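Text of run-v6.pdb (PDB, C-alpha atoms) as supplied:
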MODEL        1
ATOM      1  CA  MET A   1      -2.987  19.991  26.932
ATOM      2  CA  ASN A   2      -1.499  23.466  26.578
ATOM      3  CA  ALA A   3      -0.235  25.393  23.573
ATOM      4  CA  ALA A   4       3.367  24.522  24.390
ATOM      5  CA  THR A   5       2.721  20.802  23.887
ATOM      6  CA  THR A   6       5.036  19.152  21.363
ATOM      7  CA  ILE A   7       4.892  15.800  19.601
ATOM      8  CA  ASP A   8       7.494  14.470  22.036
ATOM      9  CA  ASP A   9       5.088  15.221  24.912
ATOM     10  CA  LEU A  10       2.343  12.965  23.527
ATOM     11  CA  LYS A  11       1.501   9.776  25.356
ATOM     12  CA  TRP A  12       1.811   6.584  23.318
ATOM     13  CA  ASP A  13      -1.934   5.942  22.903
ATOM     14  CA  LEU A  14      -2.655   9.527  21.832
ATOM     15  CA  ARG A  15       0.250   9.449  19.394
ATOM     16  CA  GLN A  16      -1.210   6.330  17.732
ATOM     17  CA  ARG A  17      -4.617   7.953  17.350
ATOM     18  CA  LEU A  18      -3.114  11.101  15.857
ATOM     19  CA  LYS A  19      -1.019   9.024  13.469
ATOM     20  CA  LEU A  20      -4.192   7.372  12.226
ATOM     21  CA  LEU A  21      -5.827  10.785  11.879
ATOM     22  CA  GLU A  22      -2.904  12.059   9.782
ATOM     23  CA  CYS A  23      -2.706   8.860   7.738
ATOM     24  CA  THR A  24      -6.430   9.061   6.944
ATOM     25  CA  LEU A  25      -5.978  12.659   5.784
ATOM     26  CA  LEU A  26      -3.211  11.519   3.456
ATOM     27  CA  LEU A  27      -4.985   8.495   2.043
ATOM     28  CA  ASN A  28      -8.579   9.746   1.842
ATOM     29  CA  GLY A  29      -8.151  13.495   1.554
ATOM     30  CA  TRP A  30     -10.574  13.979   4.446
ATOM     31  CA  VAL A  31     -11.277  12.660   7.936
ATOM     32  CA  ARG A  32     -14.059  12.617  10.524
ATOM     33  CA  THR A  33     -13.937  12.066  14.274
ATOM     34  CA  GLN A  34     -15.613   8.729  13.524
ATOM     35  CA  ALA A  35     -12.244   7.423  12.263
ATOM     36  CA  LEU A  36     -10.987   7.543  15.844
ATOM     37  CA  THR A  37     -14.169   6.482  17.655
ATOM     38  CA  ASP A  38     -14.665   3.396  15.463
ATOM     39  CA  THR A  39     -11.030   2.279  15.427
ATOM     40  CA  PHE A  40     -10.030   2.896  19.037
ATOM     41  CA  GLY A  41     -13.388   2.615  20.813
ATOM     42  CA  ILE A  42     -13.134   6.077  22.354
ATOM     43  CA  SER A  43     -15.968   8.521  22.951
ATOM     44  CA  ARG A  44     -16.879  11.261  20.501
ATOM     45  CA  ALA A  45     -15.843  13.811  23.130
ATOM     46  CA  GLN A  46     -12.396  12.227  23.416
ATOM     47  CA  ALA A  47     -12.069  12.130  19.619
ATOM     48  CA  SER A  48     -12.908  15.842  19.458
ATOM     49  CA  LYS A  49     -10.179  16.526  22.049
ATOM     50  CA  ASP A  50      -7.732  14.523  19.915
ATOM     51  CA  PHE A  51      -8.589  16.645  16.889
ATOM     52  CA  ALA A  52      -8.009  19.779  18.974
ATOM     53  CA  VAL A  53      -4.588  18.480  20.038
ATOM     54  CA  TYR A  54      -3.682  17.741  16.427
ATOM     55  CA  GLN A  55      -4.755  21.221  15.360
ATOM     56  CA  SER A  56      -2.579  22.740  18.092
ATOM     57  CA  LEU A  57       0.396  20.754  16.805
ATOM     58  CA  ALA A  58      -0.291  21.381  13.113
ATOM     59  CA  PRO A  59      -2.667  24.350  12.703
ATOM     60  CA  ASP A  60      -2.251  24.414   8.906
ATOM     61  CA  ASN A  61      -3.121  20.744   8.400
ATOM     62  CA  LEU A  62      -6.858  20.636   9.206
ATOM     63  CA  VAL A  63      -9.581  22.726   7.572
ATOM     64  CA  TYR A  64     -13.223  22.032   8.383
ATOM     65  CA  ASN A  65     -15.503  21.746   5.350
ATOM     66  CA  ARG A  66     -18.943  22.725   6.683
ATOM     67  CA  SER A  67     -20.852  21.565   3.616
ATOM     68  CA  ARG A  68     -19.324  18.065   3.710
ATOM     69  CA  LYS A  69     -18.953  18.025   7.499
ATOM     70  CA  VAL A  70     -15.412  16.661   7.263
ATOM     71  CA  TYR A  71     -11.902  17.884   7.964
ATOM     72  CA  GLU A  72      -9.693  18.291   4.896
ATOM     73  CA  PRO A  73      -5.963  18.988   4.512
ATOM     74  CA  GLY A  74      -5.006  22.649   4.423
ATOM     75  CA  GLU A  75      -3.132  24.096   1.463
ATOM     76  CA  ARG A  76       0.075  24.129   3.520
ATOM     77  CA  PHE A  77      -0.405  20.602   4.848
ATOM     78  CA  ALA A  78       2.813  18.992   6.098
ATOM     79  CA  ALA A  79       2.909  15.626   7.855
ATOM     80  CA  ARG A  80       3.934  15.912  11.493
ATOM     81  CA  LEU A  81       3.683  12.363  12.825
ATOM     82  CA  LEU A  82       4.420  10.341   9.689
ATOM     83  CA  SER A  83       7.929  10.436   8.280
ATOM     84  CA  GLY A  84       7.308   8.553   5.038
ATOM     85  CA  ARG A  85       8.857   5.201   5.934
ATOM     86  CA  THR A  86       7.051   2.247   4.374
ATOM     87  CA  SER A  87       7.025   0.224   7.593
ATOM     88  CA  GLU A  88       5.466   3.144   9.438
ATOM     89  CA  LEU A  89       2.552   3.371   7.010
ATOM     90  CA  LEU A  90       2.056  -0.385   7.116
ATOM     91  CA  ASP A  91       1.947  -0.248  10.912
ATOM     92  CA  VAL A  92      -0.743   2.437  10.779
ATOM     93  CA  LEU A  93      -2.788   0.500   8.228
ATOM     94  CA  GLY A  94      -2.379  -2.608  10.356
ATOM     95  CA  ALA A  95      -4.135  -0.821  13.228
ATOM     96  CA  LEU A  96      -7.325  -0.483  11.212
ATOM     97  CA  PRO A  97     -10.177  -2.816  12.138
ATOM     98  CA  GLY A  98     -10.596  -5.934  10.069
ATOM     99  CA  GLU A  99     -10.725  -9.678  10.092
ATOM    100  CA  ASN A 100      -6.952 -10.042  10.027
ATOM    101  CA  ARG A 101      -5.934  -7.195  12.333
ATOM    102  CA  PRO A 102      -2.682  -7.949  14.150
ATOM    103  CA  VAL A 103      -2.562  -9.028  17.783
ATOM    104  CA  VAL A 104       0.261  -7.660  19.920
ATOM    105  CA  ALA A 105       1.294  -9.966  22.748
ATOM    106  CA  LEU A 106       2.431  -8.101  25.860
ATOM    107  CA  ALA A 107       3.919 -11.087  27.651
ATOM    108  CA  ALA A 108       6.273 -10.340  30.531
ATOM    109  CA  ALA A 109       8.707 -13.018  29.382
ATOM    110  CA  GLY A 110       9.293 -14.985  26.217
ATOM    111  CA  PRO A 111      11.881 -16.134  23.709
ATOM    112  CA  ASN A 112      14.247 -13.677  22.079
ATOM    113  CA  VAL A 113      13.008 -12.709  18.624
ATOM    114  CA  GLU A 114      14.960 -10.956  15.893
ATOM    115  CA  LEU A 115      13.218  -9.679  12.753
ATOM    116  CA  LEU A 116      15.069  -9.208   9.481
ATOM    117  CA  ARG A 117      13.552  -6.763   7.023
ATOM    118  CA  PRO A 118      14.657  -5.623   3.570
ATOM    119  CA  LEU A 119      16.069  -2.127   3.164
ATOM    120  CA  GLU A 120      13.507   0.500   4.098
ATOM    121  CA  ARG A 121      11.804   2.210   1.155
ATOM    122  CA  GLU A 122      11.038   5.884   1.607
ATOM    123  CA  LEU A 123       7.704   7.425   0.630
ATOM    124  CA  ASP A 124       7.257  10.987  -0.601
ATOM    125  CA  LEU A 125       4.179  11.940   1.416
ATOM    126  CA  ASP A 126       3.248  14.770  -0.962
ATOM    127  CA  ILE A 127       3.034  12.279  -3.812
ATOM    128  CA  LEU A 128       1.184   9.774  -1.637
ATOM    129  CA  ARG A 129      -1.314  12.459  -0.686
ATOM    130  CA  ALA A 130      -1.901  13.561  -4.303
ATOM    131  CA  VAL A 131      -2.272   9.997  -5.559
ATOM    132  CA  SER A 132      -4.603   9.016  -2.730
ATOM    133  CA  ALA A 133      -6.782  12.085  -3.183
ATOM    134  CA  ALA A 134      -7.150  11.390  -6.907
ATOM    135  CA  ALA A 135      -8.061   7.746  -6.238
ATOM    136  CA  SER A 136     -10.509   8.629  -3.446
ATOM    137  CA  ASN A 137     -12.209  11.443  -5.343
ATOM    138  CA  GLY A 138     -12.251   9.825  -8.777
ATOM    139  CA  HIS A 139     -10.312  12.462 -10.695
ATOM    140  CA  ARG A 140      -7.198  12.393 -12.842
ATOM    141  CA  LEU A 141      -3.619  13.156 -11.897
ATOM    142  CA  ARG A 142      -0.634  14.269 -13.977
ATOM    143  CA  VAL A 143       2.838  13.239 -12.805
ATOM    144  CA  GLU A 144       6.349  13.159 -14.180
ATOM    145  CA  TYR A 145       7.205   9.482 -14.344
ATOM    146  CA  GLN A 146      10.645   7.918 -14.654
ATOM    147  CA  SER A 147      10.121   4.599 -16.374
ATOM    148  CA  MET A 148      12.977   2.089 -16.384
ATOM    149  CA  ARG A 149      12.346   1.687 -20.108
ATOM    150  CA  ARG A 150      13.275   5.295 -20.944
ATOM    151  CA  PRO A 151      16.322   7.397 -19.980
ATOM    152  CA  GLU A 152      14.354  10.533 -19.061
ATOM    153  CA  PRO A 153      11.125  11.161 -17.089
ATOM    154  CA  ARG A 154       8.035  12.240 -18.994
ATOM    155  CA  PRO A 155       4.626  13.640 -18.012
ATOM    156  CA  ILE A 156       1.832  11.102 -17.901
ATOM    157  CA  GLU A 157      -1.860  11.417 -17.064
ATOM    158  CA  LEU A 158      -3.348   8.755 -14.809
ATOM    159  CA  SER A 159      -6.662   7.756 -13.262
ATOM    160  CA  PRO A 160      -5.526   6.115  -9.984
ATOM    161  CA  HIS A 161      -7.707   3.485  -8.362
ATOM    162  CA  THR A 162      -5.707   1.450  -5.788
ATOM    163  CA  LEU A 163      -2.474   1.718  -3.804
ATOM    164  CA  VAL A 164      -0.641  -1.602  -3.500
ATOM    165  CA  PHE A 165       2.276  -2.662  -1.318
ATOM    166  CA  SER A 166       3.961  -5.511  -3.182
ATOM    167  CA  GLY A 167       6.037  -6.732  -0.259
ATOM    168  CA  PHE A 168       9.010  -4.607  -1.298
ATOM    169  CA  ARG A 169       7.635  -1.253  -2.462
ATOM    170  CA  TRP A 170       4.498   0.799  -3.078
ATOM    171  CA  HIS A 171       2.938   1.086  -6.474
ATOM    172  CA  LEU A 172      -0.235   2.488  -7.943
ATOM    173  CA  ARG A 173      -2.774   0.640 -10.030
ATOM    174  CA  ALA A 174      -4.124   3.197 -12.494
ATOM    175  CA  PHE A 175      -5.552   3.740 -15.940
ATOM    176  CA  SER A 176      -2.908   5.327 -18.173
ATOM    177  CA  HIS A 177      -4.501   7.760 -20.598
ATOM    178  CA  GLU A 178      -1.341   7.649 -22.712
ATOM    179  CA  HIS A 179      -1.364   3.865 -23.096
ATOM    180  CA  GLU A 180      -5.174   3.570 -22.880
ATOM    181  CA  GLU A 181      -4.936   0.637 -20.487
ATOM    182  CA  TYR A 182      -4.585  -0.168 -16.787
ATOM    183  CA  ARG A 183      -1.001  -0.406 -15.575
ATOM    184  CA  ASP A 184       1.157  -0.380 -12.443
ATOM    185  CA  PHE A 185       3.251   2.669 -11.587
ATOM    186  CA  VAL A 186       5.886   2.765  -8.830
ATOM    187  CA  LEU A 187       5.327   5.675  -6.429
ATOM    188  CA  ALA A 188       9.056   6.266  -5.979
ATOM    189  CA  ARG A 189       9.378   7.004  -9.712
ATOM    190  CA  MET A 190       6.805   9.818  -9.617
ATOM    191  CA  ALA A 191       7.521  13.537  -9.252
ATOM    192  CA  ASN A 192       5.671  16.854  -9.422
ATOM    193  CA  PRO A 193       2.102  15.546  -9.019
ATOM    194  CA  GLU A 194      -0.562  17.835 -10.477
ATOM    195  CA  PRO A 195      -4.171  17.053  -9.472
ATOM    196  CA  LEU A 196      -6.742  17.469 -12.245
ATOM    197  CA  PRO A 197      -9.964  17.727 -10.187
ATOM    198  CA  ASP A 198     -11.984  19.034 -13.158
ATOM    199  CA  ARG A 199     -11.248  15.926 -15.218
ATOM    200  CA  ALA A 200     -13.167  12.821 -14.222
ATOM    201  CA  GLY A 201     -11.031   9.716 -13.899
ATOM    202  CA  THR A 202     -11.613   6.342 -15.513
ATOM    203  CA  SER A 203     -13.304   3.924 -13.129
ATOM    204  CA  ARG A 204     -11.545   0.779 -11.991
ATOM    205  CA  GLU A 205     -14.611  -1.191 -13.087
ATOM    206  CA  GLY A 206     -13.006  -1.670 -16.498
ATOM    207  CA  ASP A 207      -9.806  -3.148 -15.033
ATOM    208  CA  ALA A 208     -10.408  -6.798 -15.910
ATOM    209  CA  ASP A 209      -7.052  -7.993 -14.506
ATOM    210  CA  TRP A 210      -7.872  -6.392 -11.161
ATOM    211  CA  PHE A 211     -11.149  -8.260 -10.748
ATOM    212  CA  GLU A 212     -10.082 -11.587 -12.258
ATOM    213  CA  GLU A 213      -8.797 -14.034  -9.659
ATOM    214  CA  VAL A 214      -6.190 -16.647 -10.510
ATOM    215  CA  GLU A 215      -5.541 -19.836  -8.564
ATOM    216  CA  LEU A 216      -1.896 -20.833  -8.183
ATOM    217  CA  ARG A 217      -0.812 -24.368  -7.385
ATOM    218  CA  VAL A 218       2.479 -24.300  -5.501
ATOM    219  CA  GLY A 219       4.252 -27.574  -4.850
ATOM    220  CA  VAL A 220       7.450 -29.105  -3.525
ATOM    221  CA  HIS A 221      10.187 -29.649  -6.081
ATOM    222  CA  PRO A 222       9.826 -33.290  -7.180
ATOM    223  CA  ASP A 223      13.582 -33.890  -7.403
ATOM    224  CA  LEU A 224      14.080 -33.484  -3.644
ATOM    225  CA  PRO A 225      14.408 -36.695  -1.589
ATOM    226  CA  GLY A 226      11.205 -37.848   0.112
ATOM    227  CA  PRO A 227      12.100 -36.738   3.676
ATOM    228  CA  GLN A 228      13.076 -33.278   2.412
ATOM    229  CA  GLN A 229       9.837 -33.013   0.445
ATOM    230  CA  ALA A 230       7.896 -33.855   3.610
ATOM    231  CA  VAL A 231       9.657 -31.100   5.586
ATOM    232  CA  ILE A 232       9.032 -28.462   2.904
ATOM    233  CA  ALA A 233       5.393 -29.522   2.510
ATOM    234  CA  ALA A 234       4.832 -29.203   6.260
ATOM    235  CA  ASP A 235       6.584 -25.820   6.323
ATOM    236  CA  TYR A 236       4.157 -24.408   3.732
ATOM    237  CA  GLY A 237       1.082 -26.226   5.027
ATOM    238  CA  MET A 238       0.706 -28.239   1.839
ATOM    239  CA  VAL A 239      -1.822 -31.007   1.324
ATOM    240  CA  ASP A 240      -0.796 -33.872  -0.964
ATOM    241  CA  GLY A 241       2.340 -31.947  -1.853
ATOM    242  CA  GLU A 242       0.740 -28.695  -2.949
ATOM    243  CA  ARG A 243      -0.747 -25.458  -1.676
ATOM    244  CA  ARG A 244      -3.367 -23.454  -3.572
ATOM    245  CA  VAL A 245      -3.333 -19.661  -3.460
ATOM    246  CA  THR A 246      -5.820 -17.231  -4.998
ATOM    247  CA  VAL A 247      -4.614 -13.806  -6.148
ATOM    248  CA  ARG A 248      -5.782 -10.977  -8.395
ATOM    249  CA  ARG A 249      -4.278 -11.400 -11.864
ATOM    250  CA  ALA A 250      -2.932  -7.837 -11.671
ATOM    251  CA  LEU A 251      -0.943  -8.773  -8.554
ATOM    252  CA  LEU A 252       0.206 -12.170  -9.766
ATOM    253  CA  PRO A 253       3.740 -11.101 -10.833
ATOM    254  CA  TYR A 254       4.425  -9.615  -7.398
ATOM    255  CA  LEU A 255       3.351 -12.743  -5.532
ATOM    256  CA  LEU A 256       5.463 -14.941  -7.811
ATOM    257  CA  ARG A 257       8.458 -12.697  -7.156
ATOM    258  CA  LEU A 258       7.887 -12.686  -3.405
ATOM    259  CA  MET A 259       7.728 -16.487  -3.336
ATOM    260  CA  GLN A 260      10.611 -16.782  -5.827
ATOM    261  CA  ILE A 261       8.638 -19.088  -8.111
ATOM    262  CA  GLU A 262       8.667 -17.084 -11.344
ATOM    263  CA  PRO A 263       8.832 -19.798 -14.040
ATOM    264  CA  GLU A 264      11.377 -17.903 -16.157
ATOM    265  CA  ARG A 265      13.715 -17.503 -13.152
ATOM    266  CA  GLU A 266      13.486 -21.022 -11.798
ATOM    267  CA  HIS A 267      16.791 -22.329 -10.445
ATOM    268  CA  PRO A 268      17.916 -25.743 -11.765
ATOM    269  CA  ASP A 269      19.066 -26.940  -8.315
ATOM    270  CA  PRO A 270      16.087 -28.332  -6.325
ATOM    271  CA  VAL A 271      17.868 -27.568  -3.045
ATOM    272  CA  VAL A 272      17.747 -23.892  -4.031
ATOM    273  CA  GLN A 273      14.368 -24.044  -5.814
ATOM    274  CA  GLN A 274      12.570 -25.982  -3.085
ATOM    275  CA  ILE A 275       9.085 -24.997  -4.250
ATOM    276  CA  ARG A 276       7.805 -24.337  -7.754
ATOM    277  CA  LEU A 277       4.696 -23.229  -9.597
ATOM    278  CA  LEU A 278       2.804 -26.314 -10.717
ATOM    279  CA  ASN A 279       0.511 -24.507 -13.181
ATOM    280  CA  PRO A 280       2.803 -22.005 -14.974
ATOM    281  CA  GLY A 281       0.215 -21.574 -17.736
ATOM    282  CA  VAL A 282      -1.669 -19.071 -15.564
ATOM    283  CA  VAL A 283       1.171 -16.561 -15.758
ATOM    284  CA  ALA A 284       0.631 -13.579 -18.057
ATOM    285  CA  ARG A 285       2.880 -10.513 -17.834
ATOM    286  CA  LYS A 286       1.403  -7.216 -18.905
ATOM    287  CA  GLY A 287       0.709  -3.762 -17.582
ATOM    288  CA  TRP A 288       4.124  -3.125 -15.998
ATOM    289  CA  ASP A 289       6.002   0.146 -16.267
TER     290      ASP A 289
ENDMDL
END

Could you show the structure in this file as structure tokens?
Amino acid sequence: MNAATTIDDLKWDLRQRLKLLECTLLLNGWVRTQALTDTFGISRAQASKDFAVYQSLAPDNLVYNRSRKVYEPGERFAARLLSGRTSELLDVLGALPGENRPVVALAAAGPNVELLRPLERELDLDILRAVSAAASNGHRLRVEYQSMRRPEPRPIELSPHTLVFSGFRWHLRAFSHEHEEYRDFVLARMANPEPLPDRAGTSREGDADWFEEVELRVGVHPDLPGPQQAVIAADYGMVDGERRVTVRRALLPYLLRLMQIEPEREHPDPVVQQIRLLNPGVVARKGWD
């Protein structure tokens, strides 16, 4: 690969590996060749060549830290393969190894399939990088945050611990040093991130709602006729008319919203509200901003 190589010249498989490399830099604040060898099953020599290609495309993005033996983002880091679209980041994360990694079927023929997605949410990669670095390295971060409860943005100091995609948008689970509690903060409402590497962050170990798991009982609306109840129950894989789901308490409001079973927003028409939460007592709203 010569110096004149551009991103458009990259073969598909190499492009995917370099996307993972860049994504890891953004999320972790550092990367090793092992990220490519473990994920894609390539040799260390091939991974080193991939790093060299990436450096030729983005010479300011990779700086080798000899003491840590890792590559870190340069001061003038600018994403080259990631554009900031939510679906793009989810696709990259979906390529990581794990029990539920996606399987892509390359059948020569099959039924026509059309996928409908909600409007694409854009990510500011500079903010994502700053937030991820603070969470990975355990230090604090100051951002200007535009809450929907106040007309103007204000500076707020956070100790980030986990990035969450709620099904519609990205948010950050963090300890707010202003509120002295763990809360959720939408990434799209953040601006002007200022890392505070000399100030140790608050550990997520104290986030009780993050570690507590809640069991939801979701059932068919009882006012539907029997045949309709049977169809809905089969659609959701219910047993005896209900399906049980376990979720972190901190993420409970997002799951309820995704499934449209928030008790306070329940529709009176059972044809519209085909499923409902059978144990609404588990719901507790707090920590939103």

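Atom pair CA of Gly41 (chain A) / CA of Glu88 (chain A): separated by 22.0 Å.
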
Going by the chain IDs and residue numbers used in this file, which residues fall under the PyMOL selection byres ((chain A and resi 276) around 12)? Write them as JSON, numbers by chain. {"A": [216, 217, 218, 219, 220, 221, 222, 223, 224, 232, 233, 241, 242, 243, 244, 256, 257, 259, 260, 261, 262, 263, 264, 265, 266, 267, 268, 269, 270, 271, 272, 273, 274, 275, 277, 278, 279, 280]}

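Across the model, the gap from CA of Gly74 (chain A) to CA of Ala58 (chain A) is 10.0 Å.
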
For the structure shown, which residues end up in the PyMOL selection byres ((chain A and resi 82) around 9)? Put them as a PDB file with C-alpha atoms, in the frame of the given file, please?
ATOM      1  CA  LYS A  19      -1.019   9.024  13.469  1.00  0.00           C
ATOM      2  CA  GLU A  22      -2.904  12.059   9.782  1.00  0.00           C
ATOM      3  CA  CYS A  23      -2.706   8.860   7.738  1.00  0.00           C
ATOM      4  CA  ALA A  79       2.909  15.626   7.855  1.00  0.00           C
ATOM      5  CA  ARG A  80       3.934  15.912  11.493  1.00  0.00           C
ATOM      6  CA  LEU A  81       3.683  12.363  12.825  1.00  0.00           C
ATOM      7  CA  SER A  83       7.929  10.436   8.280  1.00  0.00           C
ATOM      8  CA  GLY A  84       7.308   8.553   5.038  1.00  0.00           C
ATOM      9  CA  ARG A  85       8.857   5.201   5.934  1.00  0.00           C
ATOM     10  CA  GLU A  88       5.466   3.144   9.438  1.00  0.00           C
ATOM     11  CA  LEU A  89       2.552   3.371   7.010  1.00  0.00           C
ATOM     12  CA  LEU A 125       4.179  11.940   1.416  1.00  0.00           C
TER      13      LEU A 125
END

Please identify all polymer residues within 8 Å of Asn192 (chain A), counting all atoms listed in the file, omitting same-chain residues fewer than 3 positions from it, and present them as a ChimeraX atom specification. /A:127,143-144
